[in-house]
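So this block is input.csv, CSV, C-alpha atoms:
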```
chain,number,residue,atom,x,y,z
A,218,MET,CA,80.3,100.1,77.4
A,219,HIS,CA,76.7,98.9,76.6
A,220,ARG,CA,74.8,98.3,79.8
A,221,THR,CA,71.2,97.4,80.7
A,222,GLY,CA,70.6,98.3,84.3
A,223,GLU,CA,73.4,96.6,86.2
A,224,LEU,CA,74.0,94.0,83.5
A,225,TYR,CA,76.9,94.7,81.1
A,226,GLY,CA,76.4,93.8,77.4
A,227,HIS,CA,78.8,90.9,77.3
A,228,PHE,CA,77.1,88.9,80.0
A,229,GLU,CA,73.9,86.9,79.8
A,230,THR,CA,72.8,87.1,83.4
A,231,LEU,CA,73.7,89.0,86.6
A,232,GLU,CA,74.7,85.6,88.1
A,233,GLN,CA,77.2,85.0,85.2
A,234,GLN,CA,78.5,88.5,85.6
A,235,ARG,CA,79.0,88.1,89.3
A,236,GLU,CA,80.8,84.7,88.9
A,237,SER,CA,83.1,86.1,86.2
A,238,ALA,CA,84.0,89.0,88.4
A,239,SER,CA,84.7,86.7,91.3
A,240,LEU,CA,86.9,84.4,89.1
A,241,GLY,CA,88.9,87.4,87.9
A,242,MET,CA,89.3,88.8,91.4
A,243,TRP,CA,90.6,85.5,92.8
A,244,ILE,CA,93.2,85.2,90.0
A,245,PHE,CA,94.3,88.8,90.8
A,246,LEU,CA,94.6,87.9,94.5
A,247,ILE,CA,96.8,84.9,93.6
A,248,THR,CA,99.1,87.2,91.7
A,249,GLU,CA,99.2,89.3,94.9
A,250,VAL,CA,100.0,86.1,96.9
A,251,MET,CA,103.0,85.4,94.7
A,252,PHE,CA,104.1,89.1,94.9
A,253,PHE,CA,104.1,89.1,98.7
A,254,GLY,CA,105.3,85.5,98.7
A,255,GLY,CA,108.6,86.6,97.1
A,256,ILE,CA,109.1,89.3,99.7
A,257,PHE,CA,108.3,86.9,102.6
A,258,LEU,CA,110.9,84.5,101.1
A,259,ALA,CA,113.5,87.3,101.0
A,260,TYR,CA,112.8,88.0,104.6
A,261,THR,CA,113.1,84.4,105.6
A,262,VAL,CA,116.4,83.8,103.8
A,263,ASN,CA,118.0,87.0,105.3
A,264,ARG,CA,116.7,86.2,108.7
A,265,HIS,CA,118.2,82.7,108.4
A,266,ALA,CA,121.6,84.2,107.4
A,267,ASN,CA,121.6,87.0,110.1
A,268,PRO,CA,119.8,85.7,113.1
A,269,VAL,CA,121.5,88.0,115.7
A,270,ALA,CA,120.8,91.3,113.9
A,271,PHE,CA,117.3,90.3,113.0
A,272,ALA,CA,116.4,89.4,116.6
A,273,MET,CA,117.7,92.8,117.7
A,274,GLY,CA,115.7,94.6,115.1
A,275,SER,CA,112.6,92.7,115.9
A,276,ASN,CA,112.9,93.6,119.6
A,277,THR,CA,112.8,97.3,118.8
A,278,LEU,CA,109.3,97.0,117.4
A,279,ASP,CA,106.4,97.9,119.7
A,280,LEU,CA,104.6,94.6,120.4
A,281,LYS,CA,101.7,96.3,122.1
A,282,LEU,CA,101.0,98.6,119.1
A,283,GLY,CA,101.5,95.6,116.7
A,284,ALA,CA,99.0,93.5,118.6
A,285,PHE,CA,96.5,96.4,118.9
A,286,ASN,CA,96.7,96.9,115.1
A,287,THR,CA,96.2,93.2,114.5
A,288,GLY,CA,93.0,93.4,116.5
A,289,VAL,CA,91.9,96.6,114.6
A,290,LEU,CA,92.5,95.0,111.2
A,291,LEU,CA,90.7,91.8,112.1
A,292,ALA,CA,87.8,93.9,113.4
A,293,SER,CA,87.8,95.7,110.0
A,294,SER,CA,87.6,92.4,108.2
A,295,PHE,CA,84.6,91.5,110.3
A,296,THR,CA,82.8,94.8,109.5
A,297,MET,CA,83.7,94.3,105.8
A,298,ALA,CA,82.2,90.8,105.9
A,299,MET,CA,79.1,92.4,107.5
A,300,ALA,CA,78.9,94.9,104.7
A,301,VAL,CA,78.9,92.1,102.2
A,302,TRP,CA,76.2,90.3,104.2
A,303,ALA,CA,74.1,93.5,104.3
A,304,GLY,CA,74.5,93.6,100.5
A,305,HIS,CA,73.3,90.1,100.0
A,306,THR,CA,70.3,90.7,102.2
A,307,GLY,CA,69.6,94.1,100.6
A,308,LYS,CA,69.9,96.2,103.7
A,309,GLN,CA,71.1,99.4,102.0
A,310,LYS,CA,71.6,101.6,105.1
A,311,LEU,CA,73.7,98.8,106.8
A,312,ILE,CA,75.9,98.5,103.8
A,313,THR,CA,76.9,102.1,104.1
A,314,LEU,CA,77.3,101.9,107.9
A,315,PHE,CA,79.5,98.8,107.8
A,316,LEU,CA,81.6,100.3,104.9
A,317,ILE,CA,82.1,103.5,106.9
A,318,LEU,CA,83.1,101.4,110.0
A,319,THR,CA,85.6,99.4,107.9
A,320,LEU,CA,87.1,102.7,106.5
A,321,LEU,CA,87.4,104.1,110.1
A,322,LEU,CA,89.2,100.9,111.4
A,323,GLY,CA,91.5,101.0,108.4
A,324,GLY,CA,92.3,104.6,109.2
A,325,ILE,CA,93.1,103.7,112.8
A,326,PHE,CA,95.5,101.0,111.6
A,327,LEU,CA,97.3,103.4,109.3
A,328,GLY,CA,97.4,106.0,112.1
A,329,VAL,CA,99.1,103.6,114.5
A,330,LYS,CA,101.5,102.6,111.8
A,331,THR,CA,102.5,106.2,111.4
A,332,VAL,CA,103.2,106.5,115.1
A,333,GLU,CA,105.4,103.3,114.8
A,334,TYR,CA,107.2,104.7,111.8
A,335,ALA,CA,107.8,108.1,113.5
A,336,ALA,CA,109.5,106.3,116.4
A,337,LYS,CA,111.9,104.5,114.1
A,338,PHE,CA,112.8,107.8,112.5
A,339,GLU,CA,113.4,109.3,115.9
A,340,HIS,CA,115.7,106.5,117.0
A,341,HIS,CA,117.7,106.6,113.7
A,342,LEU,CA,116.6,103.1,112.8
A,343,VAL,CA,115.6,104.0,109.2
A,344,PRO,CA,118.1,102.5,106.7
A,345,GLY,CA,120.4,105.1,105.1
A,346,SER,CA,123.2,107.5,106.0
A,347,SER,CA,121.7,108.5,109.4
A,348,PHE,CA,121.1,104.9,110.5
A,349,HIS,CA,122.7,104.4,113.9
A,350,ILE,CA,122.7,101.8,116.7
A,351,PRO,CA,124.3,103.1,119.9
A,352,ALA,CA,127.3,100.9,120.9
A,353,GLU,CA,125.8,100.3,124.3
A,354,ASP,CA,122.7,98.7,122.7
A,355,VAL,CA,124.9,96.0,121.1
A,356,SER,CA,125.8,93.3,123.6
A,357,ALA,CA,129.4,91.9,123.5
A,358,ALA,CA,128.0,88.5,122.5
A,359,ALA,CA,126.0,90.0,119.6
A,360,ALA,CA,129.0,92.0,118.3
A,361,LYS,CA,131.2,88.9,118.5
A,362,ALA,CA,128.6,86.6,116.8
A,363,ASP,CA,128.1,89.1,114.0
A,364,PRO,CA,130.9,91.6,113.3
A,365,ASP,CA,128.8,93.3,110.6
A,366,PHE,CA,126.0,93.8,113.1
A,367,ALA,CA,125.0,97.3,112.0
A,368,ALA,CA,124.8,96.5,108.3
A,369,HIS,CA,122.7,93.4,108.9
A,370,ALA,CA,120.4,95.3,111.2
A,371,GLN,CA,119.8,97.7,108.3
A,372,LEU,CA,118.8,94.7,106.3
A,373,PHE,CA,116.1,93.9,108.9
A,374,PHE,CA,114.8,97.5,108.8
A,375,SER,CA,114.9,97.7,105.0
A,376,LEU,CA,112.7,94.5,104.9
A,377,TYR,CA,110.5,95.9,107.8
A,378,PHE,CA,109.8,99.1,106.0
A,379,GLY,CA,109.5,97.4,102.6
A,380,MET,CA,107.0,94.8,103.8
A,381,THR,CA,104.9,97.0,106.1
A,382,GLY,CA,105.1,99.8,103.6
A,383,LEU,CA,103.7,97.7,100.8
A,384,HIS,CA,101.1,96.4,103.1
A,385,ALA,CA,100.2,100.0,104.1
A,386,LEU,CA,100.1,101.0,100.4
A,387,HIS,CA,97.5,98.2,99.8
A,388,MET,CA,95.5,99.6,102.8
A,389,VAL,CA,95.5,103.1,101.2
A,390,VAL,CA,94.3,101.6,97.9
A,391,GLY,CA,91.6,99.7,99.9
A,392,ALA,CA,90.6,102.9,101.7
A,393,GLY,CA,90.2,104.6,98.2
A,394,LEU,CA,88.0,101.7,97.1
A,395,LEU,CA,85.9,101.9,100.2
A,396,ILE,CA,85.3,105.6,99.7
A,397,TRP,CA,84.3,104.8,96.1
A,398,LEU,CA,81.8,102.2,97.4
A,399,ILE,CA,80.4,104.4,100.2
A,400,ARG,CA,79.6,107.1,97.6
A,401,GLN,CA,77.7,104.6,95.5
A,402,SER,CA,76.1,102.9,98.5
A,403,MET,CA,74.7,106.3,99.7
A,404,GLN,CA,73.1,106.7,96.3
A,405,GLY,CA,71.3,103.4,96.8
A,406,ARG,CA,73.1,101.6,94.0
A,407,PHE,CA,73.6,98.3,95.8
A,408,THR,CA,70.7,95.9,96.3
A,409,ALA,CA,70.2,92.3,97.1
A,410,LYS,CA,70.3,91.6,93.4
A,411,TYR,CA,73.4,93.6,92.6
A,412,ASN,CA,76.2,94.1,95.1
A,413,THR,CA,79.2,92.6,93.2
A,414,PRO,CA,81.5,95.6,93.8
A,415,VAL,CA,81.0,95.4,97.6
A,416,GLU,CA,81.8,91.7,97.4
A,417,MET,CA,85.0,92.1,95.3
A,418,VAL,CA,86.4,94.9,97.4
A,419,GLY,CA,85.6,92.7,100.4
A,420,LEU,CA,87.8,89.9,98.9
A,421,TYR,CA,90.6,92.4,98.5
A,422,TRP,CA,90.3,93.8,102.0
A,423,HIS,CA,90.4,90.3,103.5
A,424,PHE,CA,93.5,89.5,101.5
A,425,VAL,CA,95.3,92.5,102.9
A,426,ASP,CA,94.2,91.3,106.3
A,427,ILE,CA,95.8,87.9,105.7
A,428,VAL,CA,99.1,89.5,104.7
A,429,TRP,CA,99.2,91.3,108.0
A,430,ILE,CA,98.2,88.0,109.8
A,431,TYR,CA,101.6,86.7,108.6
A,432,LEU,CA,103.6,90.0,108.9
A,433,PHE,CA,102.7,90.4,112.6
A,434,PRO,CA,104.2,87.1,113.9
A,435,LEU,CA,107.2,87.2,111.5
A,436,LEU,CA,108.2,90.8,112.3
A,437,TYR,CA,107.1,91.3,115.9
A,438,LEU,CA,106.7,87.9,117.6
A,439,ILE,CA,109.2,85.1,116.8
A,440,ASP,CA,112.4,86.7,118.1
A,441,ARG,CA,111.2,88.2,121.4
A,442,ARG,CA,114.0,88.4,123.9
A,443,HIS,CA,113.1,86.1,126.8
A,444,LYS,CA,113.6,87.1,130.4
B,74,MET,CA,74.6,78.6,91.8
B,75,SER,CA,73.4,81.5,93.8
B,76,GLU,CA,75.4,82.9,96.7
B,77,HIS,CA,75.2,81.4,100.1
B,78,ILE,CA,74.4,83.9,102.8
B,79,VAL,CA,76.5,83.4,106.0
B,80,SER,CA,74.7,84.5,109.2
B,81,PRO,CA,76.1,87.4,111.2
B,82,LYS,CA,76.2,85.0,114.2
B,83,LEU,CA,78.8,82.8,112.4
B,84,TYR,CA,80.8,85.9,111.5
B,85,LEU,CA,80.7,87.0,115.2
B,86,GLY,CA,82.0,83.5,116.2
B,87,ILE,CA,84.8,83.8,113.6
B,88,ILE,CA,86.0,87.2,114.7
B,89,LEU,CA,85.9,86.2,118.4
B,90,THR,CA,88.0,83.1,117.5
B,91,LEU,CA,90.4,85.3,115.5
B,92,MET,CA,90.8,87.7,118.5
B,93,VAL,CA,91.4,84.8,120.9
B,94,LEU,CA,94.0,83.3,118.6
B,95,THR,CA,95.8,86.7,118.4
B,96,ALA,CA,95.9,86.8,122.2
B,97,VAL,CA,97.3,83.3,122.3
B,98,THR,CA,100.0,84.0,119.8
B,99,VAL,CA,101.1,87.2,121.6
B,100,GLY,CA,101.2,85.2,124.9
B,101,ALA,CA,103.2,82.4,123.3
B,102,ALA,CA,105.8,84.9,122.1
B,103,TYR,CA,106.7,85.5,125.8
B,104,VAL,CA,107.2,81.8,126.5
B,105,GLU,CA,110.7,80.4,125.8
B,106,LEU,CA,110.2,77.6,123.4
B,107,GLY,CA,113.4,77.8,121.5
B,108,PRO,CA,113.0,76.9,117.8
B,109,TRP,CA,109.3,76.1,118.5
B,110,ASN,CA,108.4,79.7,118.9
B,111,ILE,CA,108.4,80.3,115.2
B,112,VAL,CA,106.4,77.0,114.6
B,113,VAL,CA,103.7,77.9,117.1
B,114,ALA,CA,103.5,81.5,115.6
B,115,LEU,CA,103.2,80.3,112.0
B,116,VAL,CA,100.7,77.5,112.9
B,117,ILE,CA,98.4,80.0,114.6
B,118,ALA,CA,98.8,82.5,111.7
B,119,THR,CA,97.9,79.8,109.2
B,120,LEU,CA,94.8,78.9,111.3
B,121,LYS,CA,93.7,82.5,111.3
B,122,ALA,CA,94.3,82.9,107.6
B,123,THR,CA,92.3,79.7,106.9
B,124,LEU,CA,89.4,81.0,108.9
B,125,VAL,CA,89.5,84.3,107.0
B,126,VAL,CA,89.6,82.5,103.6
B,127,LEU,CA,86.9,80.0,104.4
B,128,TYR,CA,84.4,82.2,106.1
B,129,PHE,CA,85.0,85.9,105.5
B,130,MET,CA,86.0,85.2,101.9
B,131,HIS,CA,83.3,82.6,101.5
B,132,VAL,CA,85.5,80.0,99.9
B,133,ARG,CA,83.8,77.2,101.9
B,134,TYR,CA,80.6,78.1,100.0
B,135,SER,CA,82.2,78.9,96.7
B,136,PRO,CA,82.1,76.9,93.5
B,137,GLY,CA,84.9,74.3,92.8
B,138,ARG,CA,86.7,76.6,90.5
B,139,THR,CA,87.3,79.2,93.2
B,140,LYS,CA,88.6,76.4,95.5
B,141,LEU,CA,90.9,75.2,92.7
B,142,ILE,CA,92.4,78.7,92.3
B,143,VAL,CA,93.0,79.0,96.1
B,144,VAL,CA,94.6,75.5,96.3
B,145,ALA,CA,96.7,76.1,93.1
B,146,GLY,CA,97.9,79.4,94.5
B,147,VAL,CA,98.9,78.0,97.9
B,148,PHE,CA,100.6,75.1,96.1
B,149,TRP,CA,102.6,77.4,93.9
B,150,LEU,CA,103.6,79.5,96.9
B,151,GLY,CA,104.6,76.3,98.7
B,152,LEU,CA,106.9,75.4,95.7
B,153,LEU,CA,108.5,78.9,95.8
B,154,LEU,CA,109.2,78.7,99.5
B,155,PHE,CA,110.1,75.0,99.7
B,156,MET,CA,112.5,74.9,96.7
B,157,THR,CA,114.3,78.1,97.7
B,158,LEU,CA,114.6,77.2,101.4
B,159,ALA,CA,115.7,73.7,100.6
B,160,ASP,CA,118.6,75.2,98.6
B,161,TYR,CA,119.7,77.7,101.3
B,162,ALA,CA,119.3,75.2,104.2
B,163,THR,CA,121.6,72.7,102.5
B,164,ARG,CA,124.5,75.0,101.6
B,165,SER,CA,127.1,74.3,104.1
B,166,TRP,CA,129.2,77.4,103.0
B,167,TYR,CA,126.3,79.8,103.2
```
Would you encode the structure as structure tokens?
Amino acid sequence: MHRTGELYGHFETLEQQRESASLGMWIFLITEVMFFGGIFLAYTVNRHANPVAFAMGSNTLDLKLGAFNTGVLLASSFTMAMAVWAGHTGKQKLITLFLILTLLLGGIFLGVKTVEYAAKFEHHLVPGSSFHIPAEDVSAAAAKADPDFAAHAQLFFSLYFGMTGLHALHMVVGAGLLIWLIRQSMQGRFTAKYNTPVEMVGLYWHFVDIVWIYLFPLLYLIDRRHK
Amino acid sequence: MSEHIVSPKLYLGIILTLMVLTAVTVGAAYVELGPWNIVVALVIATLKATLVVLYFMHVRYSPGRTKLIVVAGVFWLGLLLFMTLADYATRSWY
């Protein structure tokens, strides 16, 4: 593609190029909203139909790890916003620093998620032939309210892995984009005049954060068993 | 229009608010509120998401067309959720 400096041939000015990129990015993010929206809807409908099994499933999740990860992801959004700020103000070293911090925090999030997944495998709570809930874990009231308890609990875990897995996949893609940005940033490619890629990846990263902002309460919080 | 630069101080205020809201929503999960638990959790989540969209994603300082895309997206998502849930919620046999 023909390019003069940072300006691609089919744009008149850098400003026009940046605004076009932003428009395209936002439209892409809205398609992502609809994509995740459908899955959230599936979760809501199934939870409504199987409240007992879903409450049990939700209570097996580690609230402390979930809350910790929420904090980590929010912090990574902050460092990402700061990377964009450093781009706008032309502080090249800070762009690199904040991008690396964002990548590190994203890595911590995925690491904690791995620990959570491993626990579910250990406890036979992964849907499939080895899925098993010990009889003593199912209260008489729960078994009476929902005779198909185990099958419905599998539904919860299918949705749990589907939703958090797709979210984690988006994080992995985001981490790849961050590495791509960090490499360019270290070569001094981003300046106060040209930092559109940092800004666009920033929008994506914040979007992934917002998905988690809704996943956390819906999966971890709303069905906590009260003492 | 050239981009509006948000000060790091404002970002710091936003992230602190987000952390406080997270603590509040975790705390609220331990309080028995019956059907209101889910309402409180979703209201707090929406508050957090709004802060992220307006400040971290700069929508507050963005041109009208960006705001239009956001509003249209949320509206369409609302239609998807509202129409489907209205159906499921009113089926007595379901």
Can you build me a table of chain A residues sitting at most 6 Å from chain B, with the closest atom pair per residue and its distance in Å to one decimal, using all atoms listed in the file, sorted by chain and residue number, as a Markdown table?
```
| residue | atom | partner | partner_atom | distance |
| --- | --- | --- | --- | --- |
| A:Ile247 | CA | B:Gly146 | CA | 5.7 |
| A:Ala298 | CA | B:Phe129 | CA | 5.7 |
| A:Leu420 | CA | B:Met130 | CA | 5.9 |
| A:Ile427 | CA | B:Ala122 | CA | 5.6 |
| A:Ile430 | CA | B:Ala118 | CA | 5.8 |
| A:Tyr431 | CA | B:Ala118 | CA | 5.9 |
| A:Pro434 | CA | B:Ala114 | CA | 5.9 |
| A:Leu438 | CA | B:Ala102 | CA | 5.5 |
| A:Ile439 | CA | B:Ile111 | CA | 5.1 |
```
Pairwise distance, atom CA of Gly226 of chain A with atom CA of Arg400 of chain A, equals 24.4 Å
Could you give me, as a VMD selection string, the residues within 8 Å of Leu316 of chain A, counting all atoms listed in the file and dropping anything in the same chain fewer than 3 positions from it? chain A and resid 296 to 297 300 312 to 313 319 to 320 395 398 to 399
Distance of atom CA of Glu236 of chain A from atom CA of Val250 of chain A, expressed in Å to one decimal place: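 Atom CA of Glu236 of chain A lies 20.8 Å from atom CA of Val250 of chain A.
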Residues within 10 Å of (113.5, 105.1, 110.1), counting all atoms listed in the file, listed as a ChimeraX atom specification: /A:333-345,347-349,371,374-375,377-378
